[in-house]
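Novice: Would you mind keeping the following structure in view while I ask a few things?
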Amino acid sequence: MREIRSFIKSASFSELEKAAELINEAIESQREQQQVKEEVLALIKEKGLTLDDLVSGAPVDKRAKVKPKYRIEKDGQIFEWTGRGKTPKAFSGVNLDDYKI
């Protein structure tokens with residue numbers, strides 16, 4: 001909001017007109033989206049459905065969770081790492097073979 005106030009104080013008349021035009025377009029777009037959402041929700045209720053009915057058929061992430069390959073305990077905390085991606089700080093400078101699970 002501060003940026004907007006600062007802009008208003010320093011902007012020329014034509015810049016303010018352009019900003020007002022952009023703001024009015026954004027307001028109208030939001031208003032149209034809200035109206036469409038209300039129409040869709042009314043249609044869903046009319047058909048006897050709930051949002052949960054629609055979401056329950058959503059695709060599930062099919063990527064398998066990777067099991068950790070390494071486990072180390074430092075300062076009373078246990079750190080696990082799959083061996084993928086950037087090496088965690090807890091595993092830097094150590095022989096990974098010593099911490100294989």
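Naming works like this for the structure tokens: A, B, ... for the chains as they're shown, residue 1 at the start of each chain, ligands 1 onward in shown order.
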Would you please extract all strand (DSSP E) residues from chain A, as assigned by DSSP on the backbone, and give them as JSON, numbers by chain?
Specialist: {"A": [70, 71, 72, 73, 74, 77, 78, 79, 80, 81]}
Novice: Create the file for the chosen residues now, containing N, CA, C and O atoms and written as a tab-separated table (two decimals), in the first residue's frame.
Specialist:
```
chain	number	residue	atom	x	y	z
A	70	TYR	N	20.72	-43.01	4.08
A	70	TYR	CA	21.71	-42.68	5.09
A	70	TYR	C	21.02	-42.07	6.31
A	70	TYR	O	20.04	-41.35	6.20
A	71	ARG	N	21.58	-42.39	7.49
A	71	ARG	CA	21.05	-41.84	8.75
A	71	ARG	C	22.24	-41.49	9.63
A	71	ARG	O	23.16	-42.29	9.80
A	72	ILE	N	22.20	-40.29	10.20
A	72	ILE	CA	23.27	-39.83	11.07
A	72	ILE	C	22.64	-39.10	12.25
A	72	ILE	O	21.59	-38.48	12.13
A	73	GLU	N	23.29	-39.23	13.40
A	73	GLU	CA	22.82	-38.52	14.60
A	73	GLU	C	23.87	-37.49	14.98
A	73	GLU	O	25.04	-37.81	15.18
A	74	LYS	N	23.43	-36.23	15.05
A	74	LYS	CA	24.31	-35.14	15.44
A	74	LYS	C	23.58	-34.26	16.43
A	74	LYS	O	22.43	-33.88	16.20
A	77	GLN	N	20.02	-34.98	17.35
A	77	GLN	CA	19.03	-35.02	16.28
A	77	GLN	C	19.41	-36.08	15.26
A	77	GLN	O	20.59	-36.31	15.00
A	78	ILE	N	18.39	-36.70	14.68
A	78	ILE	CA	18.63	-37.71	13.65
A	78	ILE	C	18.33	-37.08	12.30
A	78	ILE	O	17.27	-36.50	12.08
A	79	PHE	N	19.30	-37.18	11.39
A	79	PHE	CA	19.15	-36.67	10.04
A	79	PHE	C	19.15	-37.85	9.08
A	79	PHE	O	19.97	-38.76	9.22
A	80	GLU	N	18.22	-37.84	8.13
A	80	GLU	CA	18.17	-38.88	7.11
A	80	GLU	C	18.28	-38.22	5.74
A	80	GLU	O	17.86	-37.09	5.54
A	81	TRP	N	18.86	-38.96	4.79
A	81	TRP	CA	19.05	-38.45	3.45
A	81	TRP	C	18.88	-39.59	2.47
A	81	TRP	O	19.35	-40.71	2.69
```
Novice: Near stretch 51-65 of chain A, counting only C-alpha atoms, which residues have an atom at most 10 Å away, once you skip same-chain residues fewer than 5 positions from it, shown as a VMD selection string?
Specialist: chain A and resid 41 44 to 45 82
Novice: Extract the full set of alpha helix (DSSP H) residues from chain A according to DSSP on the backbone, and format it as an MDAnalysis selection string.
Specialist: chainID A and resid 2:10 13:46 51:55
Novice: Measure the distance from atom CA of A:Leu49 to atom CA of A:Val36 in Å and round it to one decimal.
Specialist: 17.3 Å
Novice: Nearest residue to A:Asp75 out of A:Asn95, A:Ala26, A:Ala90, A:Met1, using only C-alpha atoms?
Specialist: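 Nearest candidate to A:Asp75 out of A:Asn95, A:Ala26, A:Ala90, A:Met1: A:Ala90.
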Novice: What does the structure give for the distance between atom CA of A:Lys69 and atom CA of A:Tyr99, in Å to one decimal?
Specialist: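 So the two atoms, atom CA of A:Lys69 and atom CA of A:Tyr99, lie 8.3 Å apart.
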Novice: When you draw a straight line from atom CA of A:Phe13 to atom CA of A:Glu32, how long is it in Å?
Specialist: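 We find that atom CA of A:Phe13 and atom CA of A:Glu32 lie 28.6 Å from each other.
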